[in-house]
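input11.pdb, holding PDB, C-alpha atoms and all ligand atoms:
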```pdb
MODEL        1
ATOM      1  CA  MET A 446     -11.922   7.548  17.453
ATOM      2  CA  ARG A 447      -9.267   6.876  14.869
ATOM      3  CA  LEU A 448      -9.409   3.214  13.979
ATOM      4  CA  ILE A 449      -6.251   1.602  12.785
ATOM      5  CA  HIS A 450      -6.030  -2.158  12.744
ATOM      6  CA  ASN A 451      -2.923  -4.162  13.294
ATOM      7  CA  MET A 452      -2.951  -6.915  10.735
ATOM      8  CA  THR A 453      -0.557  -9.088  12.669
ATOM      9  CA  THR A 454      -3.546 -10.116  14.781
ATOM     10  CA  ILE A 455      -6.095 -10.704  12.106
ATOM     11  CA  ALA A 456      -8.113 -13.262  14.068
ATOM     12  CA  GLU A 457      -9.620 -10.988  16.703
ATOM     13  CA  CYS A 458      -8.121  -7.629  16.310
ATOM     14  CA  PRO A 459      -8.901  -4.681  18.519
ATOM     15  CA  ALA A 460      -8.494  -1.264  17.027
ATOM     16  CA  ALA A 461      -4.951  -0.172  17.774
ATOM     17  CA  GLU A 462      -3.235   3.178  17.900
ATOM     18  CA  PRO A 463       0.485   3.140  17.118
ATOM     19  CA  PRO A 464       2.661   3.316  20.235
ATOM     20  CA  LEU A 465       3.262   6.948  21.075
ATOM     21  CA  HIS A 466       6.997   7.003  20.638
ATOM     22  CA  ASN A 467       7.420   4.932  17.529
ATOM     23  CA  ARG A 468       8.537   6.439  14.294
ATOM     24  CA  VAL A 469       5.482   6.277  11.997
ATOM     25  CA  ILE A 470       5.984   5.579   8.303
ATOM     26  CA  LYS A 471       3.009   6.226   6.058
ATOM     27  CA  ILE A 472       2.683   4.609   2.679
ATOM     28  CA  ALA A 473      -0.109   4.987   0.117
ATOM     29  CA  VAL A 474      -0.548   2.289  -2.545
ATOM     30  CA  ILE A 475      -1.984   3.576  -5.804
ATOM     31  CA  GLY A 476      -2.630   2.076  -9.225
ATOM     32  CA  GLY A 477      -5.243   0.815 -11.654
ATOM     33  CA  SER A 478      -8.085  -1.460 -10.722
ATOM     34  CA  GLY A 479      -7.268  -5.118 -10.185
ATOM     35  CA  VAL A 480      -3.487  -4.730 -10.400
ATOM     36  CA  GLY A 481      -3.097  -6.387  -7.004
ATOM     37  CA  LYS A 482      -2.781  -3.452  -4.610
ATOM     38  CA  THR A 483      -4.690  -5.197  -1.828
ATOM     39  CA  ALA A 484      -2.873  -8.467  -2.500
ATOM     40  CA  LEU A 485       0.474  -6.696  -2.166
ATOM     41  CA  VAL A 486      -0.454  -4.889   1.043
ATOM     42  CA  VAL A 487      -1.844  -8.054   2.649
ATOM     43  CA  ARG A 488       1.175 -10.051   1.493
ATOM     44  CA  PHE A 489       3.622  -7.524   2.940
ATOM     45  CA  LEU A 490       1.826  -7.154   6.238
ATOM     46  CA  THR A 491       0.753 -10.755   6.856
ATOM     47  CA  ARG A 492       2.914 -12.878   4.514
ATOM     48  CA  ARG A 493      -0.287 -14.377   3.168
ATOM     49  CA  PHE A 494      -1.715 -14.256  -0.314
ATOM     50  CA  ILE A 495      -5.466 -14.384  -0.623
ATOM     51  CA  GLY A 496      -6.693 -14.999  -4.140
ATOM     52  CA  ASP A 497     -10.292 -13.863  -3.694
ATOM     53  CA  TYR A 498     -10.710 -10.153  -3.408
ATOM     54  CA  GLU A 499     -13.487  -7.737  -4.018
ATOM     55  CA  ARG A 500     -12.906  -4.214  -5.230
ATOM     56  CA  ASN A 501     -11.880  -2.226  -2.237
ATOM     57  CA  ALA A 502     -12.901   1.251  -1.220
ATOM     58  CA  GLY A 503      -9.560   1.897   0.471
ATOM     59  CA  ASN A 504      -8.488   0.588   3.857
ATOM     60  CA  LEU A 505      -5.778   1.776   6.203
ATOM     61  CA  TYR A 506      -3.644  -0.919   7.807
ATOM     62  CA  SER A 507      -1.038  -0.649  10.499
ATOM     63  CA  ARG A 508       1.720  -2.881  11.723
ATOM     64  CA  GLU A 509       4.853  -2.618  13.794
ATOM     65  CA  VAL A 510       8.073  -3.837  12.191
ATOM     66  CA  GLN A 511      11.774  -3.704  12.863
ATOM     67  CA  VAL A 512      13.637  -1.335  10.583
ATOM     68  CA  ASP A 513      17.392  -1.260  11.118
ATOM     69  CA  GLY A 514      16.867  -2.571  14.642
ATOM     70  CA  GLU A 515      14.276   0.033  15.515
ATOM     71  CA  GLN A 516      10.608  -0.653  16.195
ATOM     72  CA  VAL A 517       8.670   1.353  13.635
ATOM     73  CA  THR A 518       4.950   1.653  12.981
ATOM     74  CA  ILE A 519       4.054   1.288   9.334
ATOM     75  CA  GLN A 520       0.706   2.527   8.139
ATOM     76  CA  VAL A 521      -0.337   1.460   4.665
ATOM     77  CA  GLN A 522      -3.250   3.056   2.885
ATOM     78  CA  ASP A 523      -4.745   0.797   0.227
ATOM     79  CA  THR A 524      -6.724   2.814  -2.321
ATOM     80  CA  PRO A 525      -9.444   2.073  -4.858
ATOM     81  CA  GLY A 526      -8.338   1.560  -8.463
ATOM     82  CA  ALA A 527      -7.623   4.692 -10.480
ATOM     83  CA  GLU A 528      -9.849   5.116 -13.521
ATOM     84  CA  MET A 529      -8.801   6.320 -16.974
ATOM     85  CA  THR A 530     -10.687   9.343 -18.292
ATOM     86  CA  ASP A 531     -10.498  11.374 -21.493
ATOM     87  CA  ASN A 532      -8.115  13.716 -19.689
ATOM     88  CA  GLY A 533      -5.839  11.043 -18.297
ATOM     89  CA  VAL A 534      -6.498   9.492 -14.901
ATOM     90  CA  SER A 535      -8.959  10.546 -12.258
ATOM     91  CA  LEU A 536      -8.433  10.041  -8.570
ATOM     92  CA  PRO A 537     -11.150  10.352  -5.938
ATOM     93  CA  ASP A 538     -10.607  13.181  -3.463
ATOM     94  CA  HIS A 539      -9.740  10.839  -0.627
ATOM     95  CA  VAL A 540      -6.927   9.299  -2.707
ATOM     96  CA  THR A 541      -5.514  12.781  -3.201
ATOM     97  CA  SER A 542      -5.747  13.198   0.577
ATOM     98  CA  SER A 543      -3.871   9.922   1.000
ATOM     99  CA  ILE A 544      -1.052  11.230  -1.204
ATOM    100  CA  GLN A 545      -0.820  14.382   0.909
ATOM    101  CA  TRP A 546      -0.810  12.274   4.055
ATOM    102  CA  ALA A 547       1.815   9.779   2.883
ATOM    103  CA  ASP A 548       5.586   9.809   3.273
ATOM    104  CA  ALA A 549       5.793   7.583   0.216
ATOM    105  CA  VAL A 550       3.614   6.354  -2.600
ATOM    106  CA  VAL A 551       3.870   2.891  -4.129
ATOM    107  CA  LEU A 552       2.672   3.083  -7.732
ATOM    108  CA  VAL A 553       1.507  -0.334  -8.933
ATOM    109  CA  TYR A 554       0.781  -1.759 -12.339
ATOM    110  CA  SER A 555       0.196  -5.292 -13.472
ATOM    111  CA  VAL A 556       2.449  -6.785 -16.141
ATOM    112  CA  THR A 557      -0.707  -8.406 -17.549
ATOM    113  CA  ASP A 558      -2.541  -5.099 -17.952
ATOM    114  CA  ARG A 559      -1.111  -2.647 -20.462
ATOM    115  CA  ARG A 560      -3.560   0.097 -19.468
ATOM    116  CA  SER A 561      -2.396  -0.045 -15.882
ATOM    117  CA  PHE A 562       1.171   0.533 -17.108
ATOM    118  CA  ASP A 563       0.071   3.415 -19.329
ATOM    119  CA  GLN A 564      -1.602   5.050 -16.316
ATOM    120  CA  ILE A 565       1.589   5.242 -14.313
ATOM    121  CA  GLU A 566       2.972   8.407 -15.846
ATOM    122  CA  HIS A 567      -0.347  10.215 -15.266
ATOM    123  CA  LEU A 568      -0.477   8.919 -11.719
ATOM    124  CA  HIS A 569       3.061  10.077 -11.092
ATOM    125  CA  GLN A 570       2.100  13.572 -12.250
ATOM    126  CA  LEU A 571      -0.941  13.542  -9.975
ATOM    127  CA  VAL A 572       1.212  12.475  -7.039
ATOM    128  CA  ALA A 573       3.685  15.273  -7.730
ATOM    129  CA  ARG A 574       0.855  17.800  -8.079
ATOM    130  CA  ALA A 575      -1.037  16.633  -4.990
ATOM    131  CA  GLY A 576       2.124  16.517  -2.890
ATOM    132  CA  GLY A 577       3.281  19.970  -4.008
ATOM    133  CA  ALA A 578       6.517  21.089  -2.376
ATOM    134  CA  ASN A 579       6.330  18.091  -0.024
ATOM    135  CA  ALA A 580       5.737  15.467  -2.694
ATOM    136  CA  PRO A 581       6.178  11.986  -1.221
ATOM    137  CA  SER A 582       8.877   9.550  -2.330
ATOM    138  CA  VAL A 583       7.682   7.189  -5.032
ATOM    139  CA  ILE A 584       8.555   3.628  -5.976
ATOM    140  CA  LEU A 585       7.208   1.678  -8.938
ATOM    141  CA  LEU A 586       6.000  -1.897  -8.515
ATOM    142  CA  ALA A 587       5.183  -4.218 -11.400
ATOM    143  CA  ASN A 588       2.979  -7.013 -10.065
ATOM    144  CA  LYS A 589       1.777 -10.435 -11.303
ATOM    145  CA  ALA A 590       5.190 -11.424 -12.672
ATOM    146  CA  ASP A 591       4.122 -15.062 -12.298
ATOM    147  CA  LEU A 592       1.577 -14.732 -15.124
ATOM    148  CA  VAL A 593       4.210 -15.095 -17.826
ATOM    149  CA  HIS A 594       1.777 -16.260 -20.506
ATOM    150  CA  LEU A 595      -0.448 -13.199 -19.930
ATOM    151  CA  ARG A 596       2.327 -10.629 -19.934
ATOM    152  CA  ARG A 597       1.488  -7.428 -21.815
ATOM    153  CA  VAL A 598       4.318  -5.212 -20.546
ATOM    154  CA  ASP A 599       7.884  -6.134 -21.499
ATOM    155  CA  PRO A 600      10.254  -6.669 -18.574
ATOM    156  CA  GLN A 601      12.565  -3.841 -19.696
ATOM    157  CA  GLN A 602       9.773  -1.255 -19.886
ATOM    158  CA  GLY A 603       9.299  -1.022 -16.129
ATOM    159  CA  PRO A 604      12.924  -0.094 -15.349
ATOM    160  CA  LEU A 605      12.933   2.378 -18.252
ATOM    161  CA  LEU A 606       9.829   4.116 -16.959
ATOM    162  CA  ALA A 607      11.149   4.129 -13.396
ATOM    163  CA  GLY A 608      14.393   5.690 -14.663
ATOM    164  CA  ALA A 609      12.458   8.405 -16.456
ATOM    165  CA  LEU A 610      10.384   9.086 -13.335
ATOM    166  CA  GLY A 611      13.422   8.989 -11.077
ATOM    167  CA  CYS A 612      12.179   6.239  -8.794
ATOM    168  CA  SER A 613      13.127   2.717  -7.764
ATOM    169  CA  PHE A 614      11.590  -0.233  -9.570
ATOM    170  CA  TYR A 615      10.653  -3.741  -8.457
ATOM    171  CA  GLU A 616       8.977  -6.492 -10.418
ATOM    172  CA  VAL A 617       7.175  -8.846  -8.061
ATOM    173  CA  SER A 618       4.551 -11.502  -7.771
ATOM    174  CA  ALA A 619       2.273 -11.078  -4.790
ATOM    175  CA  SER A 620       0.990 -14.596  -5.292
ATOM    176  CA  GLU A 621       4.279 -16.438  -5.761
ATOM    177  CA  ASP A 622       7.022 -14.627  -3.925
ATOM    178  CA  TYR A 623       6.696 -13.055  -0.489
ATOM    179  CA  SER A 624      10.386 -12.131  -0.342
ATOM    180  CA  GLN A 625      10.166  -9.902  -3.424
ATOM    181  CA  VAL A 626       7.224  -8.011  -1.977
ATOM    182  CA  HIS A 627       8.833  -7.750   1.437
ATOM    183  CA  ASP A 628      12.099  -6.566  -0.077
ATOM    184  CA  ALA A 629      10.418  -3.744  -2.020
ATOM    185  CA  PHE A 630       8.421  -2.424   0.942
ATOM    186  CA  HIS A 631      11.190  -2.992   3.440
ATOM    187  CA  ARG A 632      13.767  -1.045   1.438
ATOM    188  CA  LEU A 633      11.303   1.786   1.136
ATOM    189  CA  CYS A 634      10.726   1.743   4.896
ATOM    190  CA  CYS A 635      14.487   1.816   5.571
ATOM    191  CA  GLN A 636      14.896   4.774   3.256
ATOM    192  CA  LEU A 637      11.991   6.640   4.866
ATOM    193  CA  ALA A 638      13.150   5.886   8.392
ATOM    194  CA  LYS A 639      16.545   7.409   7.565
ATOM    195  CA  GLN A 640      14.880  10.567   6.236
ATOM    196  CA  GLN A 641      12.710  11.107   9.282
ATOM    197  CA  PRO A 642      13.827  12.852  12.445
ATOM    198  CA  PRO A 643      14.037  10.560  15.463
ATOM    199  CA  PRO A 644      10.820  10.109  17.406
ATOM    200  CA  PRO A 645      10.309  12.341  20.422
ATOM    201  CA  PRO A 646      11.493  10.885  23.725
ATOM    202  CA  PRO A 647       8.819   9.691  26.151
ATOM    203  CA  ALA A 648       7.424  12.752  27.904
ATOM    204  CA  SER A 649       5.693  12.965  31.224
ATOM    205  CA  ASN A 650       2.749  14.729  29.631
ATOM    206  CA  SER A 651       1.760  12.363  26.825
ATOM    207  CA  SER A 652      -1.779  13.532  26.317
ATOM    208  CA  ASN A 653      -1.091  14.309  22.653
ATOM    209  CA  SER A 654      -1.797  11.522  20.235
ATOM    210  CA  SER A 655       0.971  10.072  18.092
ATOM    211  CA  ALA A 656      -0.259  12.287  15.306
ATOM    212  CA  GLY A 657       1.639  15.156  16.899
ATOM    213  CA  GLY A 658       5.343  15.733  17.349
ATOM    214  CA  ALA A 659       8.343  15.094  15.180
ATOM    215  CA  THR A 660       7.059  11.959  13.495
ATOM    216  CA  GLU A 661       4.133  13.750  11.917
ATOM    217  CA  LYS A 662       4.640  14.909   8.369
ATOM    218  CA  ARG A 663       3.468  18.353   7.337
ATOM    219  CA  ARG A 664      -0.196  17.466   7.825
ATOM    220  CA  SER A 665      -2.681  20.260   7.651
ATOM    221  CA  PRO A 666      -5.642  19.783   9.967
ATOM    222  CA  LEU A 667      -7.818  20.470   6.932
ATOM    223  CA  ILE A 668      -6.679  17.296   5.212
ATOM    224  CA  PRO A 669      -9.085  14.505   6.080
ATOM    225  CA  ARG A 670      -7.541  11.319   7.345
ATOM    226  CA  PRO A 671      -7.577   8.374   4.970
ATOM    227  CA  LYS A 672     -10.407   5.911   5.295
ATOM    228  CA  SER A 673     -10.497   3.703   8.326
ATOM    229  CA  PRO A 674      -9.996   0.004   7.830
ATOM    230  CA  ASN A 675     -12.656  -2.598   7.700
ATOM    231  CA  MET A 676     -11.399  -5.717   9.387
ATOM    232  CA  GLN A 677     -14.844  -7.283   9.197
ATOM    233  CA  ASP A 678     -14.492  -7.073   5.435
ATOM    234  CA  LEU A 679     -11.020  -8.608   5.553
ATOM    235  CA  LYS A 680     -12.235 -11.443   7.773
ATOM    236  CA  ARG A 681     -15.167 -12.025   5.436
ATOM    237  CA  ARG A 682     -12.712 -12.301   2.525
ATOM    238  CA  PHE A 683     -10.633 -14.798   4.469
ATOM    239  CA  LYS A 684     -13.736 -16.874   5.084
ATOM    240  CA  GLN A 685     -14.693 -16.676   1.408
ATOM    241  CA  ALA A 686     -11.219 -17.759   0.366
ATOM    242  CA  LEU A 687     -11.256 -20.644   2.833
ATOM    243  CA  SER A 688     -14.700 -21.862   1.820
ATOM    244  CA  ALA A 689     -13.662 -21.679  -1.853
ATOM    245  CA  LYS A 690     -10.680 -23.901  -1.036
ATOM    246  CA  VAL A 691     -12.923 -26.354   0.845
ATOM    247  CA  ARG A 692     -15.273 -26.492  -2.134
ATOM    248  CA  THR A 693     -12.320 -27.182  -4.453
ATOM    249  CA  VAL A 694     -11.031 -29.969  -2.237
ATOM    250  CA  THR A 695     -14.435 -31.642  -1.823
ATOM    251  CA  SER A 696     -15.151 -31.474  -5.547
ATOM    252  CA  VAL A 697     -11.939 -33.333  -6.463
TER     253      VAL A 697
HETATM  254  N1  LIG B 701      -1.542 -14.544 -10.456
HETATM  255  C1  LIG B 701      -1.537 -13.473  -9.670
HETATM  256  N2  LIG B 701      -2.696 -12.918  -9.284
HETATM  257  C2  LIG B 701      -2.645 -11.827  -8.491
HETATM  258  C3  LIG B 701      -1.430 -11.272  -8.031
HETATM  259  N3  LIG B 701      -1.717 -10.209  -7.271
HETATM  260  C4  LIG B 701      -3.049 -10.107  -7.241
HETATM  261  N4  LIG B 701      -3.621 -11.073  -7.966
HETATM  262  C5  LIG B 701      -5.046 -11.274  -8.204
HETATM  263  O1  LIG B 701      -5.539 -10.167  -8.936
HETATM  264  C6  LIG B 701      -6.863  -9.884  -8.516
HETATM  265  C7  LIG B 701      -6.955  -8.439  -8.091
HETATM  266  O2  LIG B 701      -6.173  -8.273  -6.930
HETATM  267  P1  LIG B 701      -6.497  -7.103  -5.869
HETATM  268  O3  LIG B 701      -5.446  -7.157  -4.840
HETATM  269  O4  LIG B 701      -7.902  -7.141  -5.430
HETATM  270  O5  LIG B 701      -6.303  -5.840  -6.813
HETATM  271  P2  LIG B 701      -6.588  -4.310  -6.448
HETATM  272  O6  LIG B 701      -5.571  -3.536  -7.196
HETATM  273  O7  LIG B 701      -6.638  -4.109  -4.974
HETATM  274  O8  LIG B 701      -8.026  -4.119  -7.087
HETATM  275  P3  LIG B 701      -9.146  -2.956  -6.806
HETATM  276  O9  LIG B 701      -9.695  -3.205  -5.429
HETATM  277  O10 LIG B 701     -10.138  -3.181  -7.890
HETATM  278  O11 LIG B 701      -8.474  -1.639  -6.935
HETATM  279  C8  LIG B 701      -7.210 -10.861  -7.393
HETATM  280  O12 LIG B 701      -7.925 -11.928  -7.931
HETATM  281  C9  LIG B 701      -5.845 -11.322  -6.914
HETATM  282  O13 LIG B 701      -5.878 -12.618  -6.406
HETATM  283  C10 LIG B 701      -0.209 -11.891  -8.459
HETATM  284  O14 LIG B 701       0.919 -11.493  -8.140
HETATM  285  N5  LIG B 701      -0.324 -12.982  -9.280
ENDMDL
END
```

Using structure tokens, write down the structure from this file.
Ligand SMILES: Nc1nc2c(ncn2[C@@H]2O[C@H](COP(=O)(O)OP(=O)(O)OP(=O)(O)O)[C@@H](O)[C@H]2O)c(=O)[nH]1
Amino acid sequence: MRLIHNMTTIAECPAAEPPLHNRVIKIAVIGGSGVGKTALVVRFLTRRFIGDYERNAGNLYSREVQVDGEQVTIQVQDTPGAEMTDNGVSLPDHVTSSIQWADAVVLVYSVTDRRSFDQIEHLHQLVARAGGANAPSVILLANKADLVHLRRVDPQQGPLLAGALGCSFYEVSASEDYSQVHDAFHRLCCQLAKQQPPPPPPASNSSNSSAGGATEKRRSPLIPRPKSPNMQDLKRRFKQALSAKVRTVTSV
């Protein structure tokens, strides 16, 4: 079974398939390690910021949102941090699969991490190569804008790079500003929804899964689906974050 969790119901969340006749927008979030990819995804989907994260192996999250008055299912694939190599940047095979699966890629760097900024051009090339003729749309997100004293990437460098790559740019703080994060993802969703054909009308024979039909992008059956989510892991992180807060309060 394909497990996709709806993060709007984090407490006790059954595995959920997107409704059959929703438009489905697929976004992959890619960038260096520790730049805040998980923080951004969780912030966008739940409005919450959780400070305590472990390195993630790549989870797929799903949520229904309103885009231009239409109920749309958004699937967001969080990915493990890209590593620098002598030849540039290496991406695990399943991240390449995520790029091929996605309608759009959000490239993330942290303004406090120069290396993560330097990776972006390589990552953009990998996205273009992996996507081939159907390369996904790309936006560039600079995260951790709140850490002014730790800034290692000048504010003007992000827009310059985005201009050179031909993509939109947003500087955000996952920890401090939900609206910035929401704005970046929401604009992307609006743009993608406009590009997609309308979803198929309800049919009497609906035995096909939502993966079929007009909302599905160019997927080859040979491309493995991105990793399933791990809500147990997410819940465990919530508990860790909460217990850390309790410890802080009791030690004051
Ligand atoms: N101050 C600040 N900290 C942030 C922000 N976003 C993320 N963090 C912190 O940065 C650390 C890394 O965040 P993650 O979301 O785990 O980063 P990631 O890119 O998913 O990391 P990997 O799983 O290693 O790939 C965590 O301690 C977050 O709390 C931000 O906007 N501001």

**Message:** Can you pull out every residue with an atom within 7 Å of ligand LIG 701 (chain B)? Use only C-alpha atoms and all ligand atoms and format it as number ranges by chain.
**Reply:** A: 476-485, 495-502, 524-526, 588-592, 617-621

**Request:** Could you state which residues are captured by the PyMOL selection byres (((chain A and resi 551) around 7) and not hetatm) in this file, as JSON, numbers by chain?
**Result:** {"A": [473, 474, 475, 549, 550, 552, 553, 583, 584, 585, 586]}

**Item:** Cut-off 12 Å around (8.7, -3.8, -12.6) with only C-alpha atoms: residues as number ranges by chain
**Value:** A: 551-557, 562, 565, 584-590, 596, 598-608, 612-618, 625-626, 629

**Asked** Counting only C-alpha atoms, which of A:Ala580, A:Ile470, A:Cys635, A:Ala527 gets nearest to Ser507 in chain A?
**Response**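 Once distances to Ser507 in chain A are computed over only C-alpha atoms, the minimum belongs to A:Ile470.
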
**Item:** Output check: residues returned by the PyMOL selection byres (((chain A and resi 472) around 10) and not hetatm), as a ChimeraX atom specification
**Value:** /A:469-471,473-475,505-506,519-523,543-544,546-551,581-583,630,633-634,637

Can you write out the residues you just picked, keeping C-alpha atoms, as a tab-separated table (two decimals), in the frame of the given file?
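Saved the output as selection05.tsv:
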```tsv
chain	number	residue	atom	x	y	z
A	469	VAL	CA	5.48	6.28	12.00
A	470	ILE	CA	5.98	5.58	8.30
A	471	LYS	CA	3.01	6.23	6.06
A	473	ALA	CA	-0.11	4.99	0.12
A	474	VAL	CA	-0.55	2.29	-2.54
A	475	ILE	CA	-1.98	3.58	-5.80
A	505	LEU	CA	-5.78	1.78	6.20
A	506	TYR	CA	-3.64	-0.92	7.81
A	519	ILE	CA	4.05	1.29	9.33
A	520	GLN	CA	0.71	2.53	8.14
A	521	VAL	CA	-0.34	1.46	4.66
A	522	GLN	CA	-3.25	3.06	2.88
A	523	ASP	CA	-4.74	0.80	0.23
A	543	SER	CA	-3.87	9.92	1.00
A	544	ILE	CA	-1.05	11.23	-1.20
A	546	TRP	CA	-0.81	12.27	4.06
A	547	ALA	CA	1.82	9.78	2.88
A	548	ASP	CA	5.59	9.81	3.27
A	549	ALA	CA	5.79	7.58	0.22
A	550	VAL	CA	3.61	6.35	-2.60
A	551	VAL	CA	3.87	2.89	-4.13
A	581	PRO	CA	6.18	11.99	-1.22
A	582	SER	CA	8.88	9.55	-2.33
A	583	VAL	CA	7.68	7.19	-5.03
A	630	PHE	CA	8.42	-2.42	0.94
A	633	LEU	CA	11.30	1.79	1.14
A	634	CYS	CA	10.73	1.74	4.90
A	637	LEU	CA	11.99	6.64	4.87
```

**Item:** Atomic distance CA of Arg492 in chain A - CA of Gln636 in chain A, expressed in Å with one decimal
**Value:**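 Between CA of Arg492 in chain A and CA of Gln636 in chain A the gap is 21.4 Å.
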
**Asked** Hey, can you check how far CA of His569 in chain A sits from CA of Thr530 in chain A?
**Response** 15.5 Å

**Message:** Report, in Å with one decimal, the straight-line distance from CA of Gly577 in chain A to CA of Asp538 in chain A.
**Reply:**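 CA of Asp538 in chain A lies at a distance of 15.5 Å from CA of Gly577 in chain A.
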
**Request:** Run through the PyMOL selection byres (((chain A and resi 511) around 12) and not hetatm) on the given coordinates and return the selected residues as a ChimeraX atom specification.
**Result:** /A:467-470,508-510,512-519,631-632,634-635,638

Could you rebuild range 506-520 of chain A with N, CA and C atoms and give me the result as a CSV table (one decimal), in the frame of the given file?
```csv
chain,number,residue,atom,x,y,z
A,506,TYR,N,-4.2,0.2,7.0
A,506,TYR,CA,-3.6,-0.9,7.8
A,506,TYR,C,-2.4,-0.4,8.5
A,507,SER,N,-2.2,-1.1,9.7
A,507,SER,CA,-1.0,-0.6,10.5
A,507,SER,C,-0.3,-1.9,11.1
A,508,ARG,N,1.0,-1.8,11.1
A,508,ARG,CA,1.7,-2.9,11.7
A,508,ARG,C,3.1,-2.4,12.2
A,509,GLU,N,3.5,-3.0,13.3
A,509,GLU,CA,4.9,-2.6,13.8
A,509,GLU,C,5.9,-3.6,13.2
A,510,VAL,N,7.0,-3.0,12.7
A,510,VAL,CA,8.1,-3.8,12.2
A,510,VAL,C,9.4,-3.3,12.7
A,511,GLN,N,10.4,-4.1,12.5
A,511,GLN,CA,11.8,-3.7,12.9
A,511,GLN,C,12.4,-3.1,11.6
A,512,VAL,N,12.9,-1.9,11.7
A,512,VAL,CA,13.6,-1.3,10.6
A,512,VAL,C,15.0,-0.9,11.1
A,513,ASP,N,16.0,-1.5,10.6
A,513,ASP,CA,17.4,-1.3,11.1
A,513,ASP,C,17.4,-1.3,12.6
A,514,GLY,N,16.8,-2.4,13.2
A,514,GLY,CA,16.9,-2.6,14.6
A,514,GLY,C,15.9,-1.7,15.5
A,515,GLU,N,15.2,-0.9,14.8
A,515,GLU,CA,14.3,0.0,15.5
A,515,GLU,C,12.8,-0.4,15.3
A,516,GLN,N,12.0,-0.3,16.3
A,516,GLN,CA,10.6,-0.7,16.2
A,516,GLN,C,9.9,0.5,15.5
A,517,VAL,N,9.3,0.3,14.4
A,517,VAL,CA,8.7,1.4,13.6
A,517,VAL,C,7.2,1.0,13.3
A,518,THR,N,6.3,1.9,13.4
A,518,THR,CA,5.0,1.7,13.0
A,518,THR,C,4.8,2.0,11.5
A,519,ILE,N,4.3,1.0,10.8
A,519,ILE,CA,4.1,1.3,9.3
A,519,ILE,C,2.6,1.4,9.1
A,520,GLN,N,2.1,2.4,8.5
A,520,GLN,CA,0.7,2.5,8.1
A,520,GLN,C,0.6,2.5,6.6
```
